[in-house]
Number of protein chains: 2
Amino acid sequence: MWRNYMAATRMVESCLERQLQRDSGMPTTYYEIMVSLSEAPDRTLRMSELADRSRFSRSRLSHAVARMEQEGWVRRTECPSDKRGAFAVLTEEGFAALADAAPGHVEQVRSLLFDVLSADQIEQLGEICATVRKAGPDPYGPALGV
Amino acid sequence: MWRNYMAATRMVESCLERQLQRDSGMPTTYYEIMVSLSEAPDRTLRMSELADRSRFSRSRLSHAVARMEQEGWVRRTECPSDKRGAFAVLTEEGFAALADAAPGHVEQVRSLLFDVLSADQIEQLGEICATVRKAGPDPYGPALGV
DNA sequence: GAGTTATGGTTGAGAGCTCAACCAGCACGG
DNA sequence: CCGTGCTGGTTGAGCTCTCAACCATAACTC
């Protein structure tokens with residue numbers, strides 16, 4: 001059962017990663033960051049807020065945003081009220097790239113998971129994931145600040 | 001529900017990776033490779049066989065084994081019947097390292113997943129994973145030979 | 001206010017992964 | 001046999017991720 005779990009989750013993850021990389025030239029990480037930004041007011045978020053939402057370490061986010069910035073998808077601006085702080089802003093290009101990537105990605109998710117499961121199973125899986133998530137350590141990641 | 005799924009599976013994966021790396025200085029990848037080897041007769045497997053079992057690309061496996069070899073956990077030997085071929089053999093040190101790592105890892109799996117779910121849920125999850133896995137592309141990875 | 005500690009964020013080195021290119025050795029057709 | 005194509009496996013470049021160290025600013029304490 002455990003091996004089944006590993007195999008299944010790995011497969012899903014791997015397929016998603018591959019599809020997104022192939023069709024849109026971005027890792028799922030970046031996709032998720034852009035999704036978070038796109039949902040924020042002004043498509044803008046503090047770096048740390050963004051890190052918390054996506055459950056990424058600050059370091060990881062910093063590297064990622066650096067890369068995305070040079071891709072033209074994101075811009076950094078400084079925070080007036082706290083001079084250490086930084087905002088990340090999703091650019092028009094970024095939004096466009098996201099809009100372009102989304103349908104394929106969503107479709108992949110559907111076809112891998114939702115299409116093959118019964119309504120009951122989807123419900124069950126939701127329940128299970130919620131439980132696991134709540135039971136787990138929080139934050140589970142590289143102790144907050146890293 | 002989808003976000004729940006992502007959060008939960010990521011959390012599990014991330015915790016496992018971290019625990020293993022911290023306590024035994026190896027990524028889960030290597031752990032799995034060694035498990036496969038430890039279960040094989042003579043703790044020996046052809047590279048390609050090993051790749052198939054762990055669902056890793058040949059390239060990935062090759063890099064991994066190279067690293068593990070210089071860690072002293074694995075040895076390569078050549079195949080007499082097919083001079084292109086190579087065997088990977090789990091060394092005594094490798095076996096010891098695995099034996100050392102296993103309890104903590106297993107405990108982590110239990111505490112993250114099995115302890116928090118009801119027997120029914122575990123059953124359901126098993127069913128779900130089996131379904132997803134069978135429905136997915138096979139092989140899903142970097143088209144066989146890469 | 002001055003010194004200390006905490007917080008926001010970045011940086012660099014090291015490690016693993018992917019992808020594409022590659023080199024052997026094998027197998028098959030003529 | 002000899003070429004042509006497969007198969008087993010390796011290699012190197014480029015990318016992301018982690019971890020630890022770091023800098024600057026903010027907040028707290030006396």
# chains A, B, ... in the order shown; residues from 1 in each chain; ligands from 1
>>> interface_residues(of="chain A", to="chain D", cutoff="9 Å", atoms="only C-alpha atoms (C1' of nucleotides)", output="JSON, numbers by chain")
{"A": [27, 59, 60, 63, 64, 82, 83, 84, 85, 142, 146]}
>>> write_last_selection(atoms="N, CA and C atoms", output="CSV table (one decimal), in the first residue's frame")
chain,number,residue,atom,x,y,z
A,27,PRO,N,8.8,25.4,-14.4
A,27,PRO,CA,8.6,24.4,-13.4
A,27,PRO,C,7.3,24.7,-12.7
A,59,SER,N,14.6,31.2,1.0
A,59,SER,CA,15.8,31.1,0.0
A,59,SER,C,15.3,30.6,-1.3
A,60,ARG,N,14.5,29.5,-1.3
A,60,ARG,CA,14.0,29.0,-2.5
A,60,ARG,C,13.2,30.0,-3.3
A,63,HIS,N,15.6,32.7,-4.9
A,63,HIS,CA,16.2,32.2,-6.1
A,63,HIS,C,15.1,32.2,-7.3
A,64,ALA,N,14.0,31.6,-7.0
A,64,ALA,CA,13.0,31.5,-8.0
A,64,ALA,C,12.6,32.8,-8.6
A,82,ASP,N,8.9,49.3,5.2
A,82,ASP,CA,10.0,48.5,5.9
A,82,ASP,C,11.1,48.3,4.9
A,83,LYS,N,12.2,49.0,5.1
A,83,LYS,CA,13.2,49.1,4.1
A,83,LYS,C,14.0,47.8,3.9
A,84,ARG,N,13.7,46.8,4.7
A,84,ARG,CA,14.3,45.5,4.4
A,84,ARG,C,13.4,44.8,3.4
A,85,GLY,N,12.2,45.1,3.5
A,85,GLY,CA,11.2,44.3,2.7
A,85,GLY,C,11.2,44.4,1.2
A,142,PRO,N,11.9,23.8,6.1
A,142,PRO,CA,13.1,24.2,6.7
A,142,PRO,C,12.9,25.3,7.7
A,146,VAL,N,14.7,30.0,7.2
A,146,VAL,CA,15.8,29.7,6.3
A,146,VAL,C,15.6,30.2,4.9
>>> interface_residues(of="chain A", to="chain B", cutoff="8 Å", atoms="only C-alpha atoms", output="ChimeraX atom specification")
/A:1-2,4-5,7-9,11,14-15,112-113,116-117,121,124-126,128-133,135-136,140-141
>>> closest_atom_pairs(of="chain C", to="chain A", cutoff="10 Å", atoms="only C-alpha atoms (C1' of nucleotides)", output="tab-separated table")
residue	atom	partner	partner_atom	distance
C:DT7	C1'	A:Gly145	CA	8.6
C:DG8	C1'	A:Gly85	CA	5.5
C:DG9	C1'	A:Gly85	CA	7.0
C:DT10	C1'	A:Ser62	CA	7.1
C:DT11	C1'	A:Ser59	CA	9.1
C:DT18	C1'	A:Arg18	CA	9.7
>>> write_last_selection(atoms="C-alpha atoms (C1' of nucleotides)", output="PDB file, in the first residue's frame")
ATOM      1  C1'  DT C   7      13.216  39.693  11.119  1.00  0.00           C
ATOM      2  C1'  DG C   8      13.201  40.179   5.831  1.00  0.00           C
ATOM      3  C1'  DG C   9      15.667  38.915   2.330  1.00  0.00           C
ATOM      4  C1'  DT C  10      19.810  37.593  -0.471  1.00  0.00           C
ATOM      5  C1'  DT C  11      23.864  34.935  -1.675  1.00  0.00           C
ATOM      6  C1'  DT C  18      16.602  16.450 -16.652  1.00  0.00           C
TER       7       DT C  18
END
>>> select_by_dssp(residues="chain B", states="strand (DSSP E)", output="list in words")
Thr44, Leu45, Arg46, Val74, Arg75, Arg76, Thr77, Glu78, Ala86, Phe87, Ala88, Val89 and Leu90 of chain B
>>> write_last_selection(atoms="C-alpha atoms", output="PDB file, in the first residue's frame")
ATOM      1  CA  THR B  44      22.872  -7.356  -7.192  1.00  0.00           C
ATOM      2  CA  LEU B  45      20.896  -5.991 -10.095  1.00  0.00           C
ATOM      3  CA  ARG B  46      21.476  -4.919 -13.638  1.00  0.00           C
ATOM      4  CA  VAL B  74      27.500   0.345  -3.946  1.00  0.00           C
ATOM      5  CA  ARG B  75      29.938  -1.231  -6.315  1.00  0.00           C
ATOM      6  CA  ARG B  76      29.711  -1.694 -10.058  1.00  0.00           C
ATOM      7  CA  THR B  77      30.772  -4.859 -11.763  1.00  0.00           C
ATOM      8  CA  GLU B  78      30.658  -5.666 -15.418  1.00  0.00           C
ATOM      9  CA  ALA B  86      26.754  -3.352 -15.709  1.00  0.00           C
ATOM     10  CA  PHE B  87      25.677  -4.704 -12.378  1.00  0.00           C
ATOM     11  CA  ALA B  88      25.187  -2.688  -9.264  1.00  0.00           C
ATOM     12  CA  VAL B  89      26.003  -4.482  -6.033  1.00  0.00           C
ATOM     13  CA  LEU B  90      25.082  -3.320  -2.571  1.00  0.00           C
TER      14      LEU B  90
END
>>> select_by_dssp(residues="region 13-97 of chain B", states="alpha helix (DSSP H)", output="ChimeraX atom specification")
/B:13-24,28-39,47-54,58-71,92-97
>>> atom_distance(atom1="CA of Leu20 (chain B)", atom2="CA of Ala40 (chain B)")
22.5 Å
>>> residues_around(residues="Leu98 (chain A)", least_positions_apart="5", cutoff="10 Å", atoms="only C-alpha atoms (C1' of nucleotides)", output="list of chain:residue names")
A:Ser24, A:Met26, A:Tyr30, A:Tyr31, A:Glu32, A:Met34, A:Val35, A:Ser38, A:Trp73, A:Leu90, A:Glu92, A:Glu93, A:Pro103
>>> write_last_selection(atoms="N, CA and C atoms", output="mmCIF file, in the first residue's frame")
data_model
loop_
_atom_site.group_PDB
_atom_site.id
_atom_site.type_symbol
_atom_site.label_atom_id
_atom_site.label_comp_id
_atom_site.auth_asym_id
_atom_site.auth_seq_id
_atom_site.Cartn_x
_atom_site.Cartn_y
_atom_site.Cartn_z
ATOM 1 N N SER A 24 5.187 24.875 -21.467
ATOM 2 C CA SER A 24 5.253 26.289 -21.094
ATOM 3 C C SER A 24 6.614 26.722 -20.584
ATOM 4 N N MET A 26 8.175 26.220 -17.857
ATOM 5 C CA MET A 26 8.344 26.625 -16.458
ATOM 6 C C MET A 26 8.103 25.440 -15.538
ATOM 7 N N TYR A 30 7.265 27.676 -10.284
ATOM 8 C CA TYR A 30 7.028 29.023 -10.791
ATOM 9 C C TYR A 30 5.548 29.221 -11.073
ATOM 10 N N TYR A 31 4.959 28.198 -11.605
ATOM 11 C CA TYR A 31 3.519 28.263 -11.867
ATOM 12 C C TYR A 31 2.768 28.613 -10.598
ATOM 13 N N GLU A 32 3.091 27.916 -9.536
ATOM 14 C CA GLU A 32 2.381 28.154 -8.282
ATOM 15 C C GLU A 32 2.633 29.544 -7.727
ATOM 16 N N MET A 34 3.235 32.138 -9.461
ATOM 17 C CA MET A 34 2.460 33.078 -10.268
ATOM 18 C C MET A 34 0.974 33.005 -9.943
ATOM 19 N N VAL A 35 0.516 31.816 -9.661
ATOM 20 C CA VAL A 35 -0.889 31.706 -9.265
ATOM 21 C C VAL A 35 -1.149 32.521 -7.998
ATOM 22 N N SER A 38 -1.144 36.121 -8.838
ATOM 23 C CA SER A 38 -2.279 36.534 -9.664
ATOM 24 C C SER A 38 -3.545 36.698 -8.841
ATOM 25 N N TRP A 73 8.766 37.753 -15.945
ATOM 26 C CA TRP A 73 7.439 37.406 -15.449
ATOM 27 C C TRP A 73 7.085 38.124 -14.147
ATOM 28 N N LEU A 90 3.575 40.548 -10.205
ATOM 29 C CA LEU A 90 3.422 39.792 -11.441
ATOM 30 C C LEU A 90 3.265 40.763 -12.604
ATOM 31 N N GLU A 92 2.684 41.912 -16.700
ATOM 32 C CA GLU A 92 1.734 41.525 -17.739
ATOM 33 C C GLU A 92 2.206 40.268 -18.468
ATOM 34 N N GLU A 93 3.469 40.244 -18.791
ATOM 35 C CA GLU A 93 4.029 39.051 -19.441
ATOM 36 C C GLU A 93 3.830 37.829 -18.561
ATOM 37 N N PRO A 103 -4.514 26.252 -18.882
ATOM 38 C CA PRO A 103 -5.444 25.240 -19.393
ATOM 39 C C PRO A 103 -4.825 23.859 -19.506
#
